[in-house]
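Enquirer: Sharing a structure, written as structure tokens. Questions coming.
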Amino acid sequence: MLERDSMGYLVYKPCDGSTPEINLESAGILTIQWQLEETKSRIKRFTQINTNNFLIKCSGTVENGKLMSVKPNISFQIRLVDKTRDLYLWTYIADYGRRINIKDTTKWVMTPTKYIGNFRKVDNPCSTEKISEKIFLPVEFR
């Protein structure tokens, strides 16, 4: 995941937890590393819509290789938004179904791991207290 400030995009390492990332594993598992925890889901379908757009649908959560829960239904809409800088907009959608009628949507600007060296890096050492060193701008892509 990349953050954006007034100077552009950067990789931000928070003082507690880690920089969010998404990994597609060879066993058909998608791992979301949130700042403080990890979620694994089984990939149900990976579709290339066109050259720059993809859709991943997942079914439930997985622990130790076993499907533990079928809710929420998780999907990702992925769009290449800047080919020059290798920026992708990942839209995370968690649908808890009609009974609960809740949809959680989160947008992340991401780049493949092999390109993170192309961006500034900021560590937050939190030597005395947990504070953000930067004010980040919202995701600019829709």
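Residues in the structure tokens are named by chain (A, B, ... in the order shown) and by number from 1 within that chain; ligands are numbered from 1 in the order shown.
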Identify, on the basis of only C-alpha atoms, every residue whose closest approach to Pro138 (chain A) does not exceed 12 Å; exclude the query and any residue fewer than 2 positions from it along the same chain; express the result as a ChimeraX atom specification.

Expert: /A:2-6,8-9,106-109,135-136,140-142

Enquirer: Among region 28-119 of chain A, which residues carry a DSSP assignment of strand (DSSP E), reported as a short mmCIF file (atom, residue, chain, number, x, y, z; two decimals) with all heavy atoms, in the first residue's frame?

Expert:
data_model
loop_
_atom_site.label_atom_id
_atom_site.label_comp_id
_atom_site.auth_asym_id
_atom_site.auth_seq_id
_atom_site.Cartn_x
_atom_site.Cartn_y
_atom_site.Cartn_z
N ILE A 29 -5.19 -18.79 -2.41
CA ILE A 29 -5.51 -18.04 -1.20
C ILE A 29 -5.06 -16.60 -1.37
O ILE A 29 -3.97 -16.33 -1.86
CB ILE A 29 -4.82 -18.65 0.04
CG1 ILE A 29 -5.21 -20.12 0.23
CG2 ILE A 29 -5.12 -17.83 1.30
CD1 ILE A 29 -6.66 -20.36 0.54
N LEU A 30 -5.89 -15.67 -0.96
CA LEU A 30 -5.56 -14.25 -0.98
C LEU A 30 -5.37 -13.83 0.47
O LEU A 30 -6.25 -14.04 1.31
CB LEU A 30 -6.70 -13.45 -1.62
CG LEU A 30 -6.46 -11.96 -1.75
CD1 LEU A 30 -6.98 -11.47 -3.10
CD2 LEU A 30 -7.15 -11.21 -0.64
N THR A 31 -4.20 -13.28 0.78
CA THR A 31 -3.89 -12.84 2.14
C THR A 31 -3.88 -11.32 2.18
O THR A 31 -3.19 -10.67 1.40
CB THR A 31 -2.52 -13.37 2.60
OG1 THR A 31 -2.54 -14.80 2.53
CG2 THR A 31 -2.22 -12.95 4.02
N ILE A 32 -4.67 -10.77 3.10
CA ILE A 32 -4.68 -9.33 3.33
C ILE A 32 -3.95 -9.09 4.64
O ILE A 32 -4.38 -9.57 5.69
CB ILE A 32 -6.11 -8.77 3.46
CG1 ILE A 32 -6.95 -9.14 2.25
CG2 ILE A 32 -6.05 -7.25 3.64
CD1 ILE A 32 -8.44 -8.87 2.44
N GLN A 33 -2.83 -8.39 4.57
CA GLN A 33 -2.11 -7.99 5.77
C GLN A 33 -2.58 -6.59 6.10
O GLN A 33 -2.15 -5.63 5.48
CB GLN A 33 -0.60 -8.03 5.56
CG GLN A 33 0.20 -7.58 6.75
CD GLN A 33 -0.03 -8.45 7.97
OE1 GLN A 33 0.14 -9.66 7.92
NE2 GLN A 33 -0.46 -7.85 9.07
N GLU A 38 -4.03 -10.18 10.04
CA GLU A 38 -4.00 -10.81 8.72
C GLU A 38 -5.31 -11.56 8.49
O GLU A 38 -5.85 -12.17 9.41
CB GLU A 38 -2.82 -11.78 8.69
CG GLU A 38 -2.65 -12.52 7.40
CD GLU A 38 -1.46 -13.46 7.47
OE1 GLU A 38 -0.34 -13.01 7.18
OE2 GLU A 38 -1.67 -14.63 7.82
N THR A 39 -5.82 -11.49 7.27
CA THR A 39 -7.02 -12.22 6.88
C THR A 39 -6.70 -13.03 5.64
O THR A 39 -6.07 -12.52 4.71
CB THR A 39 -8.18 -11.24 6.53
OG1 THR A 39 -8.41 -10.38 7.63
CG2 THR A 39 -9.44 -11.99 6.19
N LYS A 40 -7.12 -14.29 5.63
CA LYS A 40 -6.93 -15.14 4.46
C LYS A 40 -8.29 -15.53 3.93
O LYS A 40 -9.18 -15.89 4.69
CB LYS A 40 -6.13 -16.39 4.80
CG LYS A 40 -4.68 -16.13 5.12
CD LYS A 40 -3.95 -17.42 5.42
CE LYS A 40 -2.50 -17.14 5.71
NZ LYS A 40 -1.66 -17.23 4.54
N SER A 41 -8.44 -15.48 2.59
CA SER A 41 -9.68 -15.88 1.94
C SER A 41 -9.36 -16.77 0.75
O SER A 41 -8.29 -16.65 0.14
CB SER A 41 -10.44 -14.65 1.44
OG SER A 41 -10.84 -13.84 2.51
N ARG A 42 -10.28 -17.65 0.44
CA ARG A 42 -10.11 -18.53 -0.72
C ARG A 42 -10.60 -17.79 -1.96
O ARG A 42 -11.70 -17.24 -1.98
CB ARG A 42 -10.92 -19.82 -0.52
CG ARG A 42 -10.74 -20.78 -1.68
CD ARG A 42 -11.28 -22.16 -1.36
NE ARG A 42 -10.34 -22.79 -0.44
CZ ARG A 42 -10.72 -23.51 0.62
NH1 ARG A 42 -11.98 -23.69 0.88
NH2 ARG A 42 -9.81 -24.05 1.41
N ILE A 43 -9.76 -17.77 -3.00
CA ILE A 43 -10.14 -17.11 -4.26
C ILE A 43 -11.13 -18.01 -4.99
O ILE A 43 -10.85 -19.16 -5.29
CB ILE A 43 -8.90 -16.84 -5.14
CG1 ILE A 43 -7.95 -15.87 -4.43
CG2 ILE A 43 -9.33 -16.28 -6.51
CD1 ILE A 43 -6.62 -15.69 -5.12
N LYS A 44 -12.30 -17.46 -5.24
CA LYS A 44 -13.34 -18.18 -5.96
C LYS A 44 -13.22 -17.94 -7.47
O LYS A 44 -13.39 -18.85 -8.27
CB LYS A 44 -14.71 -17.72 -5.46
CG LYS A 44 -15.86 -18.52 -5.97
CD LYS A 44 -17.20 -18.27 -5.27
CE LYS A 44 -17.49 -16.88 -4.86
NZ LYS A 44 -18.85 -16.70 -4.32
N ARG A 45 -12.90 -16.68 -7.83
CA ARG A 45 -12.80 -16.35 -9.25
C ARG A 45 -11.89 -15.14 -9.43
O ARG A 45 -11.94 -14.18 -8.68
CB ARG A 45 -14.19 -16.05 -9.80
CG ARG A 45 -14.21 -15.83 -11.30
CD ARG A 45 -15.61 -15.75 -11.90
NE ARG A 45 -16.36 -14.64 -11.38
CZ ARG A 45 -17.57 -14.73 -10.83
NH1 ARG A 45 -18.17 -15.88 -10.74
NH2 ARG A 45 -18.19 -13.66 -10.38
N PHE A 46 -11.03 -15.22 -10.45
CA PHE A 46 -10.15 -14.11 -10.85
C PHE A 46 -10.48 -13.82 -12.30
O PHE A 46 -10.31 -14.68 -13.16
CB PHE A 46 -8.68 -14.51 -10.70
CG PHE A 46 -7.73 -13.37 -10.94
CD1 PHE A 46 -7.10 -12.75 -9.87
CD2 PHE A 46 -7.45 -12.92 -12.22
CE1 PHE A 46 -6.21 -11.70 -10.08
CE2 PHE A 46 -6.57 -11.87 -12.44
CZ PHE A 46 -5.95 -11.26 -11.36
N THR A 47 -10.97 -12.61 -12.57
CA THR A 47 -11.41 -12.26 -13.91
C THR A 47 -10.67 -11.02 -14.41
O THR A 47 -10.59 -10.03 -13.69
CB THR A 47 -12.93 -11.96 -13.92
OG1 THR A 47 -13.62 -13.05 -13.34
CG2 THR A 47 -13.44 -11.71 -15.32
N GLN A 48 -10.15 -11.10 -15.63
CA GLN A 48 -9.59 -9.92 -16.27
C GLN A 48 -10.71 -9.31 -17.10
O GLN A 48 -11.18 -9.90 -18.07
CB GLN A 48 -8.39 -10.26 -17.14
CG GLN A 48 -7.77 -9.03 -17.75
CD GLN A 48 -6.45 -9.30 -18.47
OE1 GLN A 48 -5.98 -10.42 -18.52
NE2 GLN A 48 -5.88 -8.24 -19.02
N ILE A 49 -11.15 -8.12 -16.72
CA ILE A 49 -12.24 -7.43 -17.40
C ILE A 49 -11.75 -6.88 -18.74
O ILE A 49 -12.39 -7.03 -19.77
CB ILE A 49 -12.81 -6.28 -16.54
CG1 ILE A 49 -13.16 -6.76 -15.14
CG2 ILE A 49 -13.99 -5.60 -17.22
CD1 ILE A 49 -14.22 -7.79 -15.03
N ASN A 50 -10.61 -6.20 -18.69
CA ASN A 50 -9.93 -5.69 -19.89
C ASN A 50 -8.46 -5.51 -19.52
O ASN A 50 -8.02 -5.98 -18.48
CB ASN A 50 -10.59 -4.41 -20.43
CG ASN A 50 -10.62 -3.29 -19.41
OD1 ASN A 50 -9.69 -3.10 -18.64
ND2 ASN A 50 -11.72 -2.54 -19.40
N ASN A 53 -8.27 -3.62 -16.00
CA ASN A 53 -9.24 -3.87 -14.93
C ASN A 53 -9.38 -5.36 -14.64
O ASN A 53 -9.50 -6.17 -15.56
CB ASN A 53 -10.61 -3.30 -15.31
CG ASN A 53 -10.59 -1.79 -15.36
OD1 ASN A 53 -10.69 -1.14 -14.33
ND2 ASN A 53 -10.46 -1.23 -16.55
N PHE A 54 -9.41 -5.67 -13.33
CA PHE A 54 -9.51 -7.05 -12.88
C PHE A 54 -10.53 -7.13 -11.75
O PHE A 54 -10.80 -6.15 -11.07
CB PHE A 54 -8.16 -7.54 -12.36
CG PHE A 54 -7.05 -7.38 -13.36
CD1 PHE A 54 -6.33 -6.20 -13.45
CD2 PHE A 54 -6.72 -8.42 -14.22
CE1 PHE A 54 -5.32 -6.04 -14.37
CE2 PHE A 54 -5.70 -8.27 -15.15
CZ PHE A 54 -5.00 -7.09 -15.22
N LEU A 55 -11.06 -8.33 -11.53
CA LEU A 55 -11.99 -8.57 -10.43
C LEU A 55 -11.60 -9.88 -9.76
O LEU A 55 -11.40 -10.90 -10.44
CB LEU A 55 -13.42 -8.66 -10.96
CG LEU A 55 -14.50 -8.98 -9.93
CD1 LEU A 55 -14.64 -7.86 -8.91
CD2 LEU A 55 -15.83 -9.24 -10.63
N ILE A 56 -11.46 -9.84 -8.45
CA ILE A 56 -11.20 -11.05 -7.67
C ILE A 56 -12.37 -11.24 -6.72
O ILE A 56 -12.73 -10.33 -5.98
CB ILE A 56 -9.90 -10.93 -6.84
CG1 ILE A 56 -8.69 -10.73 -7.75
CG2 ILE A 56 -9.71 -12.17 -5.97
CD1 ILE A 56 -7.40 -10.47 -7.00
N LYS A 57 -12.98 -12.42 -6.76
CA LYS A 57 -14.05 -12.76 -5.82
C LYS A 57 -13.53 -13.86 -4.91
O LYS A 57 -12.93 -14.82 -5.37
CB LYS A 57 -15.29 -13.22 -6.56
CG LYS A 57 -15.96 -12.10 -7.32
CD LYS A 57 -17.43 -12.39 -7.54
CE LYS A 57 -18.11 -11.20 -8.12
NZ LYS A 57 -18.87 -10.45 -7.17
N CYS A 58 -13.76 -13.69 -3.62
CA CYS A 58 -13.30 -14.66 -2.63
C CYS A 58 -14.50 -15.21 -1.86
O CYS A 58 -15.55 -14.58 -1.78
CB CYS A 58 -12.35 -13.99 -1.64
SG CYS A 58 -10.84 -13.37 -2.39
N SER A 59 -14.30 -16.38 -1.29
CA SER A 59 -15.36 -16.98 -0.49
C SER A 59 -14.86 -17.24 0.92
O SER A 59 -14.00 -18.08 1.13
CB SER A 59 -15.85 -18.28 -1.13
OG SER A 59 -14.80 -19.20 -1.25
N GLY A 60 -15.35 -16.47 1.86
CA GLY A 60 -15.10 -16.71 3.27
C GLY A 60 -13.67 -16.53 3.72
O GLY A 60 -12.81 -16.05 2.99
N THR A 61 -13.44 -16.90 4.98
CA THR A 61 -12.13 -16.81 5.58
C THR A 61 -11.53 -18.20 5.76
O THR A 61 -12.24 -19.17 5.97
CB THR A 61 -12.19 -16.09 6.95
OG1 THR A 61 -13.10 -16.80 7.80
CG2 THR A 61 -12.66 -14.67 6.79
N VAL A 62 -10.21 -18.25 5.68
CA VAL A 62 -9.48 -19.51 5.74
C VAL A 62 -8.50 -19.46 6.91
O VAL A 62 -7.82 -18.46 7.11
CB VAL A 62 -8.72 -19.76 4.42
CG1 VAL A 62 -7.84 -20.98 4.50
CG2 VAL A 62 -9.69 -19.86 3.25
N GLU A 63 -8.45 -20.55 7.68
CA GLU A 63 -7.44 -20.70 8.73
C GLU A 63 -6.83 -22.09 8.60
O GLU A 63 -7.56 -23.07 8.49
CB GLU A 63 -8.06 -20.53 10.12
CG GLU A 63 -8.47 -19.11 10.42
CD GLU A 63 -9.06 -18.96 11.81
OE1 GLU A 63 -8.71 -19.77 12.70
OE2 GLU A 63 -9.87 -18.05 11.99
N LYS A 66 -8.15 -24.38 5.91
CA LYS A 66 -9.55 -24.82 5.95
C LYS A 66 -10.48 -23.61 5.95
O LYS A 66 -10.23 -22.62 6.63
CB LYS A 66 -9.82 -25.65 7.20
CG LYS A 66 -9.05 -26.95 7.22
CD LYS A 66 -9.38 -27.74 8.46
CE LYS A 66 -8.55 -29.02 8.46
NZ LYS A 66 -8.80 -29.81 9.65
N LEU A 67 -11.59 -23.73 5.19
CA LEU A 67 -12.59 -22.68 5.14
C LEU A 67 -13.29 -22.63 6.50
O LEU A 67 -13.88 -23.62 6.95
CB LEU A 67 -13.60 -22.96 4.02
CG LEU A 67 -14.64 -21.88 3.77
CD1 LEU A 67 -13.99 -20.59 3.33
CD2 LEU A 67 -15.63 -22.35 2.71
N MET A 68 -13.22 -21.49 7.17
CA MET A 68 -13.78 -21.35 8.51
C MET A 68 -15.13 -20.64 8.51
O MET A 68 -15.96 -20.87 9.36
CB MET A 68 -12.81 -20.60 9.43
CG MET A 68 -11.46 -21.28 9.57
SD MET A 68 -11.56 -22.97 10.15
CE MET A 68 -12.02 -22.72 11.85
N SER A 69 -15.33 -19.73 7.58
CA SER A 69 -16.55 -18.94 7.54
C SER A 69 -16.83 -18.55 6.10
O SER A 69 -15.92 -18.26 5.35
CB SER A 69 -16.39 -17.69 8.41
OG SER A 69 -17.47 -16.80 8.21
N VAL A 70 -18.09 -18.54 5.72
CA VAL A 70 -18.43 -18.15 4.35
C VAL A 70 -18.77 -16.66 4.26
O VAL A 70 -18.94 -16.13 3.18
CB VAL A 70 -19.62 -18.98 3.80
CG1 VAL A 70 -19.21 -20.42 3.63
CG2 VAL A 70 -20.85 -18.85 4.67
N LYS A 71 -18.90 -15.98 5.36
CA LYS A 71 -19.19 -14.55 5.37
C LYS A 71 -17.99 -13.80 5.93
O LYS A 71 -17.32 -14.30 6.82
CB LYS A 71 -20.42 -14.24 6.22
CG LYS A 71 -21.70 -14.80 5.67
CD LYS A 71 -22.08 -14.12 4.40
CE LYS A 71 -23.38 -14.73 3.87
NZ LYS A 71 -23.71 -14.32 2.56
N PRO A 72 -17.70 -12.64 5.48
CA PRO A 72 -18.37 -11.95 4.40
C PRO A 72 -17.90 -12.44 3.03
O PRO A 72 -16.86 -13.08 2.92
CB PRO A 72 -17.94 -10.50 4.61
CG PRO A 72 -16.56 -10.62 5.19
CD PRO A 72 -16.62 -11.85 6.06
N ASN A 73 -18.68 -12.11 2.00
CA ASN A 73 -18.21 -12.32 0.64
C ASN A 73 -17.29 -11.14 0.32
O ASN A 73 -17.68 -9.99 0.43
CB ASN A 73 -19.38 -12.34 -0.35
CG ASN A 73 -20.20 -13.60 -0.19
OD1 ASN A 73 -19.66 -14.69 -0.07
ND2 ASN A 73 -21.51 -13.44 -0.17
N ILE A 74 -16.07 -11.46 -0.04
CA ILE A 74 -15.06 -10.43 -0.29
C ILE A 74 -14.74 -10.36 -1.77
O ILE A 74 -14.59 -11.40 -2.42
CB ILE A 74 -13.77 -10.73 0.51
CG1 ILE A 74 -14.07 -10.66 2.01
CG2 ILE A 74 -12.66 -9.75 0.14
CD1 ILE A 74 -12.94 -11.19 2.87
N SER A 75 -14.67 -9.15 -2.28
CA SER A 75 -14.23 -8.98 -3.67
C SER A 75 -13.31 -7.78 -3.75
O SER A 75 -13.32 -6.90 -2.89
CB SER A 75 -15.43 -8.83 -4.61
OG SER A 75 -16.19 -7.70 -4.28
N PHE A 76 -12.49 -7.79 -4.78
CA PHE A 76 -11.58 -6.69 -5.07
C PHE A 76 -11.77 -6.28 -6.51
O PHE A 76 -11.75 -7.12 -7.41
CB PHE A 76 -10.12 -7.12 -4.90
CG PHE A 76 -9.69 -7.27 -3.48
CD1 PHE A 76 -9.73 -8.50 -2.87
CD2 PHE A 76 -9.23 -6.18 -2.76
CE1 PHE A 76 -9.32 -8.66 -1.57
CE2 PHE A 76 -8.82 -6.33 -1.45
CZ PHE A 76 -8.87 -7.57 -0.84
N GLN A 77 -11.97 -4.99 -6.72
CA GLN A 77 -11.92 -4.43 -8.05
C GLN A 77 -10.54 -3.79 -8.15
O GLN A 77 -10.16 -2.98 -7.29
CB GLN A 77 -13.02 -3.39 -8.24
CG GLN A 77 -14.40 -3.98 -8.14
CD GLN A 77 -15.48 -2.91 -8.10
OE1 GLN A 77 -15.21 -1.72 -7.97
NE2 GLN A 77 -16.72 -3.35 -8.19
N ILE A 78 -9.79 -4.17 -9.18
CA ILE A 78 -8.42 -3.69 -9.33
C ILE A 78 -8.32 -2.97 -10.67
O ILE A 78 -8.74 -3.49 -11.70
CB ILE A 78 -7.42 -4.87 -9.30
CG1 ILE A 78 -7.65 -5.71 -8.05
CG2 ILE A 78 -5.99 -4.37 -9.40
CD1 ILE A 78 -7.17 -7.13 -8.19
N ARG A 79 -7.75 -1.77 -10.62
CA ARG A 79 -7.63 -0.98 -11.85
C ARG A 79 -6.26 -0.33 -11.90
O ARG A 79 -5.81 0.30 -10.94
CB ARG A 79 -8.72 0.09 -11.87
CG ARG A 79 -8.72 0.96 -13.12
CD ARG A 79 -9.98 1.78 -13.24
NE ARG A 79 -10.32 2.52 -12.05
CZ ARG A 79 -10.07 3.82 -11.87
NH1 ARG A 79 -9.48 4.52 -12.82
NH2 ARG A 79 -10.41 4.43 -10.76
N LEU A 80 -5.58 -0.50 -13.02
CA LEU A 80 -4.32 0.20 -13.26
C LEU A 80 -4.67 1.67 -13.50
O LEU A 80 -5.38 2.00 -14.45
CB LEU A 80 -3.60 -0.38 -14.48
CG LEU A 80 -2.31 0.31 -14.91
CD1 LEU A 80 -1.25 0.24 -13.82
CD2 LEU A 80 -1.78 -0.31 -16.19
N VAL A 81 -4.19 2.55 -12.62
CA VAL A 81 -4.54 3.96 -12.72
C VAL A 81 -3.39 4.82 -13.21
O VAL A 81 -3.60 5.95 -13.63
CB VAL A 81 -5.09 4.51 -11.38
CG1 VAL A 81 -6.46 3.90 -11.07
CG2 VAL A 81 -4.13 4.29 -10.24
N ASP A 82 -2.16 4.30 -13.13
CA ASP A 82 -1.01 5.05 -13.61
C ASP A 82 0.05 4.04 -14.05
O ASP A 82 0.79 3.50 -13.21
CB ASP A 82 -0.47 5.97 -12.52
CG ASP A 82 0.61 6.91 -13.02
OD1 ASP A 82 1.40 6.51 -13.91
OD2 ASP A 82 0.68 8.05 -12.50
N LEU A 87 0.88 2.23 -10.55
CA LEU A 87 -0.09 2.42 -9.47
C LEU A 87 -1.39 1.72 -9.82
O LEU A 87 -1.92 1.88 -10.92
CB LEU A 87 -0.38 3.91 -9.25
CG LEU A 87 0.78 4.79 -8.83
CD1 LEU A 87 0.31 6.23 -8.66
CD2 LEU A 87 1.43 4.28 -7.54
N TYR A 88 -1.89 0.96 -8.86
CA TYR A 88 -3.15 0.25 -9.01
C TYR A 88 -4.10 0.69 -7.91
O TYR A 88 -3.69 0.84 -6.75
CB TYR A 88 -2.95 -1.26 -8.90
CG TYR A 88 -2.18 -1.85 -10.05
CD1 TYR A 88 -0.80 -1.80 -10.10
CD2 TYR A 88 -2.85 -2.46 -11.11
CE1 TYR A 88 -0.09 -2.34 -11.16
CE2 TYR A 88 -2.15 -3.00 -12.17
CZ TYR A 88 -0.77 -2.94 -12.19
OH TYR A 88 -0.08 -3.47 -13.25
N LEU A 89 -5.35 0.89 -8.25
CA LEU A 89 -6.38 1.17 -7.26
C LEU A 89 -7.07 -0.15 -6.93
O LEU A 89 -7.65 -0.79 -7.81
CB LEU A 89 -7.40 2.17 -7.80
CG LEU A 89 -8.56 2.48 -6.85
CD1 LEU A 89 -8.06 3.18 -5.59
CD2 LEU A 89 -9.61 3.34 -7.56
N TRP A 90 -6.95 -0.57 -5.67
CA TRP A 90 -7.61 -1.78 -5.18
C TRP A 90 -8.81 -1.34 -4.36
O TRP A 90 -8.65 -0.60 -3.38
CB TRP A 90 -6.68 -2.60 -4.30
CG TRP A 90 -5.65 -3.40 -5.03
CD1 TRP A 90 -4.61 -2.92 -5.77
CD2 TRP A 90 -5.54 -4.82 -5.09
NE1 TRP A 90 -3.86 -3.96 -6.27
CE2 TRP A 90 -4.42 -5.12 -5.86
CE3 TRP A 90 -6.30 -5.86 -4.53
CZ2 TRP A 90 -4.03 -6.44 -6.11
CZ3 TRP A 90 -5.90 -7.16 -4.78
CH2 TRP A 90 -4.78 -7.44 -5.57
N THR A 91 -10.00 -1.75 -4.75
CA THR A 91 -11.20 -1.46 -3.98
C THR A 91 -11.65 -2.76 -3.33
O THR A 91 -12.01 -3.72 -4.01
CB THR A 91 -12.32 -0.89 -4.87
OG1 THR A 91 -11.82 0.27 -5.53
CG2 THR A 91 -13.55 -0.53 -4.05
N TYR A 92 -11.60 -2.77 -2.00
CA TYR A 92 -11.99 -3.92 -1.19
C TYR A 92 -13.47 -3.77 -0.84
O TYR A 92 -13.90 -2.72 -0.36
CB TYR A 92 -11.14 -3.94 0.08
CG TYR A 92 -11.63 -4.83 1.19
CD1 TYR A 92 -11.27 -6.17 1.24
CD2 TYR A 92 -12.42 -4.33 2.23
CE1 TYR A 92 -11.69 -6.98 2.28
CE2 TYR A 92 -12.83 -5.14 3.27
CZ TYR A 92 -12.47 -6.46 3.29
OH TYR A 92 -12.88 -7.26 4.31
N ILE A 93 -14.26 -4.82 -1.11
CA ILE A 93 -15.68 -4.80 -0.79
C ILE A 93 -16.00 -6.06 0.01
O ILE A 93 -15.80 -7.17 -0.49
CB ILE A 93 -16.55 -4.75 -2.07
CG1 ILE A 93 -16.16 -3.54 -2.92
CG2 ILE A 93 -18.03 -4.72 -1.70
CD1 ILE A 93 -16.65 -3.60 -4.34
N ALA A 94 -16.47 -5.87 1.23
CA ALA A 94 -16.91 -6.99 2.07
C ALA A 94 -18.42 -6.89 2.19
O ALA A 94 -18.95 -5.92 2.73
CB ALA A 94 -16.25 -6.94 3.44
N ASP A 95 -19.12 -7.88 1.67
CA ASP A 95 -20.58 -7.90 1.68
C ASP A 95 -21.04 -8.95 2.70
O ASP A 95 -20.78 -10.14 2.53
CB ASP A 95 -21.10 -8.22 0.28
CG ASP A 95 -22.60 -8.11 0.17
OD1 ASP A 95 -23.29 -8.01 1.21
OD2 ASP A 95 -23.10 -8.16 -0.97
N LYS A 103 -22.17 -3.30 3.85
CA LYS A 103 -21.07 -3.43 2.89
C LYS A 103 -19.95 -2.52 3.36
O LYS A 103 -20.14 -1.34 3.60
CB LYS A 103 -21.51 -3.03 1.49
CG LYS A 103 -22.30 -4.09 0.79
CD LYS A 103 -22.47 -3.78 -0.68
CE LYS A 103 -23.27 -4.89 -1.33
NZ LYS A 103 -23.49 -4.65 -2.73
N ASP A 104 -18.79 -3.12 3.53
CA ASP A 104 -17.59 -2.39 3.95
C ASP A 104 -16.75 -2.19 2.70
O ASP A 104 -16.42 -3.15 2.01
CB ASP A 104 -16.85 -3.22 5.00
CG ASP A 104 -15.55 -2.58 5.45
OD1 ASP A 104 -15.40 -1.35 5.28
OD2 ASP A 104 -14.70 -3.30 5.97
N THR A 105 -16.41 -0.95 2.39
CA THR A 105 -15.61 -0.65 1.21
C THR A 105 -14.37 0.15 1.62
O THR A 105 -14.48 1.12 2.37
CB THR A 105 -16.42 0.18 0.18
OG1 THR A 105 -17.59 -0.54 -0.14
CG2 THR A 105 -15.63 0.44 -1.06
N THR A 106 -13.21 -0.29 1.14
CA THR A 106 -11.96 0.39 1.42
C THR A 106 -11.17 0.51 0.11
O THR A 106 -11.13 -0.44 -0.66
CB THR A 106 -11.12 -0.41 2.44
OG1 THR A 106 -11.90 -0.60 3.62
CG2 THR A 106 -9.84 0.31 2.80
N LYS A 107 -10.54 1.65 -0.12
CA LYS A 107 -9.73 1.84 -1.33
C LYS A 107 -8.28 2.03 -0.93
O LYS A 107 -7.98 2.79 -0.01
CB LYS A 107 -10.21 3.05 -2.12
CG LYS A 107 -11.58 2.85 -2.74
CD LYS A 107 -12.00 4.04 -3.56
CE LYS A 107 -13.39 3.82 -4.08
NZ LYS A 107 -13.45 3.66 -5.49
N TRP A 108 -7.41 1.31 -1.65
CA TRP A 108 -5.98 1.42 -1.43
C TRP A 108 -5.30 1.68 -2.76
O TRP A 108 -5.64 1.08 -3.77
CB TRP A 108 -5.39 0.12 -0.91
CG TRP A 108 -5.74 -0.26 0.48
CD1 TRP A 108 -6.28 0.52 1.46
CD2 TRP A 108 -5.55 -1.55 1.06
NE1 TRP A 108 -6.42 -0.21 2.60
CE2 TRP A 108 -5.98 -1.48 2.40
CE3 TRP A 108 -5.04 -2.76 0.60
CZ2 TRP A 108 -5.93 -2.56 3.26
CZ3 TRP A 108 -4.99 -3.83 1.46
CH2 TRP A 108 -5.44 -3.73 2.78
N VAL A 109 -4.30 2.56 -2.77
CA VAL A 109 -3.42 2.71 -3.93
C VAL A 109 -2.23 1.80 -3.64
O VAL A 109 -1.60 1.91 -2.58
CB VAL A 109 -2.99 4.17 -4.15
CG1 VAL A 109 -1.96 4.26 -5.27
CG2 VAL A 109 -4.20 5.04 -4.45
N MET A 110 -1.94 0.90 -4.57
CA MET A 110 -0.90 -0.09 -4.34
C MET A 110 0.03 -0.17 -5.54
O MET A 110 -0.33 0.25 -6.63
CB MET A 110 -1.54 -1.45 -4.06
CG MET A 110 -2.49 -1.42 -2.88
SD MET A 110 -3.08 -3.03 -2.40
CE MET A 110 -1.69 -3.60 -1.47
#

Enquirer: Smallest atom-to-atom distance to Leu10 (chain A): which of A:Leu137, A:Thr51, A:Phe119, A:Asn124, using only C-alpha atoms?

Expert: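 Of all the options, A:Phe119 lies closest to Leu10 (chain A).
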
Enquirer: DSSP on the backbone: what in chain A comes out helix (DSSP H, G or I), as a list in words?

Expert: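 Helix (DSSP H, G or I) members of chain A, listed: Thr113, Lys114, Tyr115, Ile116, Gly117 and Asn118 of chain A.
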
Enquirer: For the residues selected in the previous step, produce a file with all heavy atoms as a compact mmCIF listing (two decimals), in the first residue's frame.

Expert:
# COMPACT_ATOMS: atom_id res chain seq x y z
N THR A 113 5.26 -5.28 -5.14
CA THR A 113 6.39 -5.22 -4.21
C THR A 113 7.70 -4.90 -4.91
O THR A 113 8.53 -4.16 -4.37
CB THR A 113 6.50 -6.56 -3.45
OG1 THR A 113 5.24 -6.83 -2.83
CG2 THR A 113 7.57 -6.52 -2.39
N LYS A 114 7.89 -5.41 -6.11
CA LYS A 114 9.17 -5.19 -6.80
C LYS A 114 9.40 -3.72 -7.15
O LYS A 114 10.52 -3.34 -7.46
CB LYS A 114 9.27 -6.07 -8.05
CG LYS A 114 8.25 -5.78 -9.12
CD LYS A 114 8.39 -6.77 -10.27
CE LYS A 114 7.35 -6.54 -11.34
NZ LYS A 114 7.47 -7.52 -12.41
N TYR A 115 8.36 -2.87 -7.06
CA TYR A 115 8.51 -1.46 -7.41
C TYR A 115 8.55 -0.53 -6.19
O TYR A 115 8.64 0.68 -6.36
CB TYR A 115 7.38 -1.00 -8.33
CG TYR A 115 7.37 -1.73 -9.65
CD1 TYR A 115 6.25 -2.45 -10.05
CD2 TYR A 115 8.48 -1.74 -10.49
CE1 TYR A 115 6.23 -3.14 -11.26
CE2 TYR A 115 8.48 -2.43 -11.69
CZ TYR A 115 7.35 -3.12 -12.06
OH TYR A 115 7.34 -3.80 -13.25
N ILE A 116 8.52 -1.06 -4.97
CA ILE A 116 8.46 -0.16 -3.81
C ILE A 116 9.72 0.69 -3.67
O ILE A 116 9.68 1.76 -3.08
CB ILE A 116 8.15 -0.90 -2.49
CG1 ILE A 116 9.22 -1.92 -2.15
CG2 ILE A 116 6.77 -1.49 -2.53
CD1 ILE A 116 9.05 -2.52 -0.78
N GLY A 117 10.82 0.23 -4.24
CA GLY A 117 12.05 1.02 -4.21
C GLY A 117 11.95 2.31 -5.02
O GLY A 117 12.79 3.20 -4.88
N ASN A 118 10.95 2.43 -5.86
CA ASN A 118 10.74 3.63 -6.66
C ASN A 118 10.07 4.75 -5.88
O ASN A 118 9.86 5.84 -6.41
CB ASN A 118 9.90 3.33 -7.90
CG ASN A 118 10.58 2.36 -8.84
OD1 ASN A 118 11.79 2.19 -8.80
ND2 ASN A 118 9.80 1.71 -9.68
